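Have a look at start.txt; it's compact mmCIF, C-alpha atoms and all ligand atoms:
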```txt
# COMPACT_ATOMS: atom_id res chain seq x y z
CA MET A 1 -1.45 4.41 108.92
CA LEU A 2 1.15 5.87 106.65
CA LEU A 3 3.27 7.00 109.58
CA GLN A 4 2.91 3.60 111.22
CA ASP A 5 4.00 1.94 108.00
CA LYS A 6 7.04 4.17 107.89
CA VAL A 7 7.99 3.42 111.49
CA ILE A 8 7.62 -0.32 110.90
CA ARG A 9 9.67 -0.09 107.73
CA ILE A 10 12.46 1.88 109.43
CA ALA A 11 12.52 -0.58 112.32
CA PHE A 12 12.60 -3.53 109.92
CA TYR A 13 15.46 -2.16 107.82
CA GLY A 14 17.32 -1.07 110.94
CA LEU A 15 17.13 -4.61 112.31
CA LEU A 16 18.15 -6.03 108.95
CA THR A 17 21.19 -3.74 108.75
CA LEU A 18 22.16 -4.72 112.27
CA LEU A 19 21.90 -8.42 111.45
CA VAL A 20 23.85 -8.06 108.21
CA THR A 21 26.57 -6.02 109.95
CA GLU A 22 26.76 -8.53 112.78
CA ASN A 23 26.95 -11.38 110.31
CA SER A 24 29.76 -9.78 108.35
CA LEU A 25 31.63 -9.07 111.55
CA MET A 26 31.20 -12.68 112.56
CA ALA A 27 32.35 -13.83 109.15
CA GLU A 28 35.33 -11.53 109.53
CA THR A 29 36.34 -12.91 112.90
CA ASN A 30 35.46 -16.56 112.35
CA SER A 31 36.76 -17.01 108.86
CA LYS A 32 40.42 -17.82 108.54
CA ALA A 33 40.23 -19.18 105.03
CA VAL A 34 43.67 -18.79 103.49
CA PHE A 35 43.41 -20.90 100.33
CA VAL A 36 42.37 -19.00 97.22
CA TRP A 37 40.74 -20.89 94.39
CA SER A 38 38.13 -20.37 91.70
CA GLU A 39 36.12 -22.69 89.53
CA ASP A 40 37.10 -20.29 86.76
CA TYR A 41 40.75 -21.34 86.98
CA LYS A 42 40.29 -23.19 83.71
CA ALA A 43 40.89 -22.62 80.02
CA SER A 44 41.85 -24.61 76.98
CA LEU A 45 45.39 -24.24 75.64
CA GLY A 46 44.66 -26.87 73.00
CA ARG A 47 44.65 -30.63 73.31
CA ARG A 48 48.35 -31.19 72.68
CA HIS A 49 49.66 -28.45 74.94
CA VAL A 50 52.12 -29.64 77.60
CA PHE A 51 50.75 -27.37 80.34
CA PRO A 52 48.20 -29.35 82.39
CA VAL A 53 45.67 -26.55 83.01
CA ILE A 54 43.38 -29.24 84.38
CA LYS A 55 45.59 -29.40 87.49
CA TYR A 56 43.92 -26.29 88.88
CA GLN A 57 40.57 -28.08 88.98
CA GLN A 58 41.89 -31.51 89.91
CA LEU A 59 44.03 -30.23 92.77
CA TYR A 60 41.04 -28.59 94.42
CA HIS A 61 38.87 -31.66 94.02
CA ILE A 62 41.53 -34.08 95.27
CA ALA A 63 42.28 -31.83 98.24
CA ARG A 64 38.56 -31.73 99.07
CA LYS A 65 38.16 -35.47 98.60
CA GLU A 66 41.10 -36.28 100.84
CA GLY A 67 39.87 -33.81 103.46
CA ALA A 68 42.98 -31.61 103.13
CA LEU A 69 40.70 -28.67 102.27
CA LYS A 70 37.18 -27.92 103.46
CA GLU A 71 34.73 -25.56 101.83
CA GLU A 72 35.32 -22.99 104.58
CA ASP A 73 39.07 -22.97 103.82
CA ILE A 74 38.49 -21.48 100.40
CA ILE A 75 38.27 -17.85 99.35
CA GLU A 76 36.96 -16.98 95.89
CA PRO A 77 39.23 -14.41 94.18
CA GLU A 78 38.24 -11.18 92.50
CA PRO A 79 39.42 -10.90 88.88
CA LEU A 80 42.11 -8.30 88.42
CA LYS A 81 41.07 -5.03 86.78
CA ASP A 82 42.91 -3.32 83.91
CA THR A 83 44.36 -0.79 86.35
CA GLY A 84 46.10 -3.68 88.12
CA LEU A 85 47.46 -5.17 84.90
CA LEU A 86 48.74 -1.76 83.83
CA LEU A 87 50.90 -1.48 86.94
CA VAL A 88 53.21 -3.97 85.22
CA HIS A 89 52.21 -4.46 81.60
CA THR A 90 52.29 -1.99 78.76
CA ARG A 91 49.03 -0.79 77.24
CA SER A 92 50.15 -1.90 73.77
CA TYR A 93 50.85 -5.45 75.02
CA LEU A 94 47.40 -5.70 76.59
CA TRP A 95 45.85 -4.54 73.32
CA ARG A 96 47.91 -7.03 71.34
CA LEU A 97 46.62 -9.89 73.53
CA ARG A 98 43.04 -8.69 73.16
CA LEU A 99 43.31 -8.47 69.40
CA LEU A 100 44.99 -11.88 69.19
CA ALA A 101 42.17 -13.34 71.28
CA LEU A 102 39.71 -12.23 68.61
CA THR A 103 41.56 -13.86 65.73
CA PRO A 104 42.43 -17.47 64.83
CA LEU A 105 46.06 -16.32 64.77
CA GLY A 106 45.99 -16.24 68.56
CA MET A 107 45.34 -19.95 68.74
CA LEU A 108 48.09 -20.71 66.24
CA ASN A 109 50.75 -19.66 68.70
CA GLY A 110 51.98 -23.07 69.87
CA GLU A 111 53.61 -22.03 73.12
CA ASN A 112 51.26 -19.32 74.27
CA PRO A 113 47.92 -19.63 72.51
CA VAL A 114 45.68 -16.60 73.14
CA SER A 115 41.92 -16.72 73.51
CA ARG A 116 39.34 -14.78 75.46
CA GLY A 117 38.88 -17.80 77.75
CA ILE A 118 42.60 -17.98 78.51
CA LEU A 119 42.88 -14.26 79.26
CA LYS A 120 39.83 -14.41 81.51
CA ALA A 121 41.21 -17.37 83.48
CA VAL A 122 44.64 -15.78 83.87
CA ARG A 123 43.11 -12.49 85.01
CA ILE A 124 41.21 -14.32 87.75
CA ALA A 125 44.31 -16.31 88.73
CA CYS A 126 46.25 -13.03 88.99
CA GLY A 127 43.50 -11.65 91.22
CA GLY A 128 43.94 -14.83 93.28
CA THR A 129 47.63 -14.11 93.85
CA TYR A 130 46.87 -10.56 94.94
CA ASP A 131 44.15 -11.82 97.30
CA ALA A 132 46.47 -14.51 98.68
CA CYS A 133 49.14 -11.87 99.39
CA ASN A 134 46.55 -9.83 101.28
CA LEU A 135 45.48 -12.89 103.27
CA ALA A 136 49.12 -13.67 104.03
CA LEU A 137 49.58 -10.14 105.38
CA LYS A 138 46.49 -10.64 107.52
CA TYR A 139 47.02 -14.19 108.81
CA GLY A 140 50.71 -14.88 108.19
CA ILE A 141 50.25 -17.45 105.44
CA ALA A 142 48.04 -17.99 102.40
CA MET A 143 48.12 -19.91 99.16
CA ASN A 144 46.71 -19.35 95.71
CA LEU A 145 45.98 -22.72 94.07
CA ALA A 146 47.36 -21.26 90.82
CA GLY A 147 49.77 -18.46 89.89
CA GLY A 148 53.52 -18.14 89.65
CA PHE A 149 53.49 -16.83 86.06
CA HIS A 150 57.12 -15.77 86.26
CA HIS A 151 57.96 -15.85 82.53
CA ALA A 152 55.58 -13.01 81.62
CA PHE A 153 57.41 -9.76 80.76
CA ALA A 154 55.99 -6.25 80.87
CA ASN A 155 55.53 -6.29 77.11
CA ARG A 156 55.28 -9.93 76.09
CA GLU A 157 54.00 -13.38 76.98
CA GLU A 158 56.39 -16.28 77.31
CA GLY A 159 56.65 -19.81 78.74
CA PHE A 160 52.86 -20.31 79.20
CA CYS A 161 52.67 -17.01 81.11
CA TYR A 162 50.61 -13.99 80.00
CA TYR A 163 50.25 -11.64 82.95
CA ASN A 164 52.89 -11.65 85.70
CA ASP A 165 50.75 -12.22 88.78
CA VAL A 166 53.67 -11.92 91.21
CA ALA A 167 54.82 -8.56 89.86
CA ILE A 168 51.27 -7.22 89.69
CA ALA A 169 50.50 -8.22 93.29
CA ILE A 170 53.71 -6.60 94.55
CA LYS A 171 53.23 -3.34 92.64
CA LYS A 172 49.58 -3.12 93.66
CA LEU A 173 50.33 -3.69 97.35
CA GLN A 174 53.17 -1.15 97.21
CA LYS A 175 50.93 1.39 95.51
CA GLU A 176 48.29 0.87 98.18
CA GLY A 177 50.97 1.52 100.80
CA ARG A 178 50.50 -1.94 102.32
CA ILE A 179 54.10 -3.07 101.95
CA ASN A 180 57.44 -2.00 100.65
CA LYS A 181 60.03 -4.77 100.76
CA VAL A 182 59.21 -8.14 99.24
CA MET A 183 61.32 -11.25 98.83
CA ILE A 184 60.51 -13.68 96.04
CA ILE A 185 61.70 -17.25 96.62
CA ASP A 186 61.42 -18.90 93.22
CA CYS A 187 61.80 -22.68 93.37
CA ASP A 188 60.36 -23.50 89.97
CA VAL A 189 62.96 -25.45 87.96
CA HIS A 190 62.98 -22.70 85.29
CA GLN A 191 64.41 -19.29 85.95
CA GLY A 192 61.80 -16.59 86.50
CA ASN A 193 63.10 -14.41 83.70
CA GLY A 194 60.04 -12.15 83.35
CA THR A 195 59.93 -11.30 87.05
CA ALA A 196 63.73 -10.85 87.07
CA ARG A 197 63.53 -8.30 84.24
CA ILE A 198 60.61 -6.40 85.78
CA PHE A 199 62.35 -5.98 89.16
CA HIS A 200 65.93 -5.81 87.87
CA ASP A 201 66.56 -2.28 89.15
CA ASP A 202 64.14 -2.36 92.05
CA GLU A 203 65.88 -2.43 95.42
CA ASP A 204 62.66 -3.11 97.29
CA VAL A 205 62.21 -6.51 95.68
CA PHE A 206 64.78 -9.20 96.42
CA ILE A 207 64.72 -12.26 94.17
CA PHE A 208 66.16 -15.59 95.22
CA ASP A 209 65.98 -18.07 92.36
CA ILE A 210 67.16 -21.69 92.33
CA TYR A 211 66.92 -23.11 88.80
CA GLN A 212 68.33 -25.36 86.14
CA GLU A 213 71.07 -23.66 84.15
CA ASP A 214 70.92 -25.98 81.12
CA ASN A 215 67.25 -25.37 80.42
CA TYR A 216 64.77 -22.75 79.22
CA PRO A 217 64.90 -19.75 79.48
CA MET A 218 68.04 -18.69 77.65
CA PRO A 219 69.69 -16.39 78.47
CA LYS A 220 69.05 -16.11 82.18
CA ILE A 221 68.44 -12.68 83.66
CA GLU A 222 70.42 -11.48 86.66
CA VAL A 223 68.70 -11.67 90.05
CA ASP A 224 69.75 -10.72 93.58
CA TYR A 225 70.73 -14.27 94.51
CA ALA A 226 70.81 -17.14 92.01
CA ILE A 227 71.60 -20.79 92.52
CA SER A 228 72.19 -22.08 89.05
CA LEU A 229 72.48 -25.87 88.85
CA ASN A 230 73.30 -28.12 85.90
CA SER A 231 71.23 -31.25 85.38
CA TYR A 232 74.31 -33.28 84.42
CA ASP A 233 75.56 -32.84 88.00
CA GLY A 234 72.63 -34.96 89.13
CA ILE A 235 70.63 -32.62 91.35
CA THR A 236 69.29 -34.73 94.20
CA ASP A 237 67.15 -33.78 97.23
CA GLU A 238 70.29 -33.39 99.29
CA ARG A 239 72.09 -31.10 96.85
CA TYR A 240 69.02 -28.95 96.32
CA LEU A 241 68.14 -28.58 100.00
CA LYS A 242 71.75 -27.72 100.77
CA GLY A 243 71.43 -24.78 98.38
CA LEU A 244 68.46 -23.44 100.33
CA ALA A 245 70.55 -23.18 103.50
CA VAL A 246 71.57 -19.66 102.45
CA LEU A 247 68.00 -18.40 102.88
CA PRO A 248 68.05 -17.61 106.65
CA ASP A 249 70.95 -15.23 106.09
CA LEU A 250 69.30 -13.57 103.11
CA ILE A 251 66.04 -13.09 105.02
CA ASP A 252 67.96 -11.67 108.00
CA LYS A 253 69.77 -9.16 105.84
CA PHE A 254 66.91 -8.08 103.59
CA THR A 255 64.14 -8.17 106.26
CA PRO A 256 61.20 -8.55 103.85
CA GLU A 257 57.68 -7.58 104.88
CA LEU A 258 56.29 -10.34 102.68
CA ILE A 259 57.69 -13.48 101.06
CA ILE A 260 56.19 -14.80 97.85
CA TYR A 261 57.15 -18.44 97.40
CA LEU A 262 56.85 -20.16 94.03
CA ALA A 263 56.54 -23.81 95.03
CA GLY A 264 57.07 -25.22 91.55
CA ALA A 265 56.52 -28.97 91.16
CA ASP A 266 58.87 -29.22 88.17
CA PRO A 267 62.17 -29.93 89.98
CA TYR A 268 60.59 -33.41 90.34
CA LYS A 269 62.67 -36.26 88.89
CA GLU A 270 60.01 -37.31 86.40
CA ASP A 271 59.17 -33.89 85.08
CA LEU A 272 59.04 -33.64 81.31
CA LEU A 273 60.39 -30.07 81.25
CA GLY A 274 62.93 -30.32 84.05
CA GLY A 275 66.23 -32.12 84.56
CA PHE A 276 66.54 -32.33 88.35
CA ARG A 277 66.18 -35.53 90.37
CA LEU A 278 64.13 -34.42 93.34
CA THR A 279 61.67 -36.81 94.95
CA LYS A 280 58.23 -35.96 96.29
CA LYS A 281 59.63 -36.34 99.78
CA GLY A 282 62.44 -33.90 98.97
CA LEU A 283 59.99 -31.36 97.56
CA LYS A 284 57.87 -31.63 100.68
CA LYS A 285 60.96 -31.01 102.81
CA ARG A 286 61.65 -27.93 100.67
CA ASP A 287 58.15 -26.61 101.42
CA GLU A 288 58.49 -27.32 105.12
CA TYR A 289 61.86 -25.61 105.26
CA ILE A 290 60.83 -22.43 103.45
CA ILE A 291 57.46 -22.04 105.15
CA GLY A 292 59.13 -22.85 108.47
CA LEU A 293 61.68 -20.08 107.88
CA ALA A 294 58.88 -17.59 107.29
CA LYS A 295 57.30 -18.74 110.53
CA GLU A 296 60.53 -18.38 112.51
CA ASN A 297 61.04 -14.88 111.13
CA LYS A 298 57.37 -13.94 111.59
CA THR A 299 57.31 -12.89 107.94
CA PRO A 300 54.03 -13.32 106.05
CA ILE A 301 54.31 -15.80 103.20
CA CYS A 302 52.15 -16.22 100.10
CA VAL A 303 52.56 -19.59 98.35
CA LEU A 304 51.92 -20.15 94.64
CA LEU A 305 51.86 -23.31 92.53
CA ALA A 306 54.03 -22.33 89.52
CA GLY A 307 55.04 -25.14 87.09
CA GLY A 308 54.71 -28.91 87.08
CA TYR A 309 54.78 -31.18 84.03
CA ALA A 310 55.32 -34.68 85.38
CA GLN A 311 54.87 -37.53 82.93
CA ASN A 312 51.99 -38.57 85.12
CA THR A 313 49.89 -35.54 86.12
CA ASP A 314 48.97 -37.36 89.36
CA ASP A 315 52.56 -36.85 90.52
CA THR A 316 52.33 -33.10 89.90
CA LEU A 317 49.06 -33.05 91.82
CA GLN A 318 50.55 -35.01 94.71
CA ILE A 319 53.44 -32.53 94.99
CA HIS A 320 51.06 -29.55 95.05
CA LEU A 321 48.78 -31.38 97.49
CA ASN A 322 51.75 -31.91 99.81
CA THR A 323 52.33 -28.14 99.76
CA ILE A 324 48.72 -27.63 100.89
CA LYS A 325 49.22 -30.21 103.65
CA VAL A 326 52.41 -28.52 104.84
CA ILE A 327 50.53 -25.22 105.15
CA LYS A 328 47.67 -26.97 106.95
CA GLY A 329 50.19 -28.47 109.34
CA PHE A 330 51.59 -25.03 110.19
CA LEU A 331 48.09 -23.62 110.59
CA SER A 332 47.10 -26.35 113.01
CA THR A 333 50.06 -25.49 115.19
CA ASN A 334 48.82 -21.92 115.76
CA GLY A 335 49.61 -20.60 112.31
CA ILE A 336 52.48 -18.25 111.69
ZN ZN B 1 58.80 -24.16 85.41
```

Starting from the file, give its structure as structure tokens.
Amino acid sequence: MLLQDKVIRIAFYGLLTLLVTENSLMAETNSKAVFVWSEDYKASLGRRHVFPVIKYQQLYHIARKEGALKEEDIIEPEPLKDTGLLLVHTRSYLWRLRLLALTPLGMLNGENPVSRGILKAVRIACGGTYDACNLALKYGIAMNLAGGFHHAFANREEGFCYYNDVAIAIKKLQKEGRINKVMIIDCDVHQGNGTARIFHDDEDVFIFDIYQEDNYPMPKIEVDYAISLNSYDGITDERYLKGLAVLPDLIDKFTPELIIYLAGADPYKEDLLGGFRLTKKGLKKRDEYIIGLAKENKTPICVLLAGGYAQNTDDTLQIHLNTIKVIKGFLSTNGI
């Protein structure tokens, strides 16, 4: 009886293992989810804070409601571990954030309040950017419905950014031997000063940044290719898109293995923290152009939300939603 039991048990577990393996293989081959999002992309920065953290939840729900995203399009990210954070940030900075999160002093910081909830959410969002980069390398394109924390320095928070998700993802992928040369295309209206400082002397990371000169941050930090525009020149769709025409040449010369695109919504004409005059249509054209370039060059591209502070949050959401739709459009025509 005992022997029979054993045989039955071995057969049962063998069958189970086979089924599980088959299922995971099927999941592997059938699943082409390239949008990364988590219900934990939420935290409170305080009621009066200008950063609409709620957009991370609302964008997902609107995209689902409109049918732009289905449940099977979504991948849940893994939160980033300390070892990942330490690839970019100093140990003393991470400790400072942790200590601040335990004290009321952390919440008194008007620009970058610090709490355990905030740090947890940002850690997951950083994991999302890393996962989206991996998915981009696998399928050609992916998007994290968060990220683009380009004002975070190795040793300090700034501009609503705590951990620099872009820098962490790049350093982690390089360390794992997955990639070497990365191009960052930063189209947030504010210069990505934290990322610029982190990669200032790194020849493997090429930064293209198109930003508003007469705006935060001051001073700007040198990047490989900057398009610095003044708001008093009236930066329209046409002027902005003309500036992007240099990208094909830059991609040709640098030959990146991965592009990380910060599709900021804040060059929008009604943005509270930006001075450009771009329309939603112009921003959509920007997305189509940049993602189209990646497709032409067969270069994987990871898309991130970055900033967006329109007077009416619905406008910010619409701009981000358009980015999702542009990606969906490329995916439906055989991906990239
Ligand atoms: Zn911005």

Which residue, A:Asn112, A:Thr103, A:Ser332, A:Asn155, has the smallest gap to A:Leu86 when you use all atoms listed in the file?
->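 Ranking A:Asn112, A:Thr103, A:Ser332, A:Asn155 by distance to A:Leu86, first place goes to A:Asn155.
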
For A:Gly117, list every protein, DNA or RNA residue within 12 Å, evaluated using all atoms listed in the file, and leave out those in the same chain fewer than 4 positions away; present the list as a PyMOL selection string.
-> chain A and resi 40-46+97-98+101-102+106-107+113+121-124

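Between atom CA of A:Glu222 and atom CA of A:Asp237 the separation is 24.9 Å.
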
Give the residues close to ligand ZN 1 (chain B), within 7 Å, counting only C-alpha atoms and all ligand atoms; write them as a tab-separated table (two decimals) with C-alpha atoms, in the frame of the given file.
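Wrote out.tsv, looks like this:
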```tsv
chain	number	residue	atom	x	y	z
A	188	ASP	CA	60.36	-23.50	89.97
A	189	VAL	CA	62.96	-25.45	87.96
A	190	HIS	CA	62.98	-22.70	85.29
A	264	GLY	CA	57.07	-25.22	91.55
A	266	ASP	CA	58.87	-29.22	88.17
A	306	ALA	CA	54.03	-22.33	89.52
A	307	GLY	CA	55.04	-25.14	87.09
A	308	GLY	CA	54.71	-28.91	87.08
```

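Nearest residue to A:Glu176, choosing from A:Gly84, A:Gly282, A:Pro267, A:Pro52 and counting only C-alpha atoms: A:Gly84.
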
Compare A:Val182, A:Ala132, A:Leu119, A:Leu80 by their minimum atom-to-atom distance to A:Cys161, counting only C-alpha atoms, and give me the closest one.
->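 Of A:Val182, A:Ala132, A:Leu119, A:Leu80, the one nearest A:Cys161 is A:Leu119, counting only C-alpha atoms.
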
Near A:Asp271, within 12 Å and counting all atoms listed in the file, which residues show up once chain neighbours fewer than 6 positions away are dropped, as a PyMOL selection string?
-> chain A and resi 50-51+188-190+264-265+277-280+307-316+319

Selection: 9 Å around stretch 166-172 of chain A, all atoms listed in the file, excl. self and same-chain fewer than 3 positions, as a VMD selection string | chain A and resid 84 to 89 126 to 127 129 to 131 133 147 to 150 163 175 to 180 182 184 195 198 to 199 205 260

Looking at A:Ile141, A:Ile227, A:Met183, A:Ile235, which one is nearest to A:Lys295, with distances taken over only C-alpha atoms?
->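 Selected residue with least distance to A:Lys295: A:Ile141.
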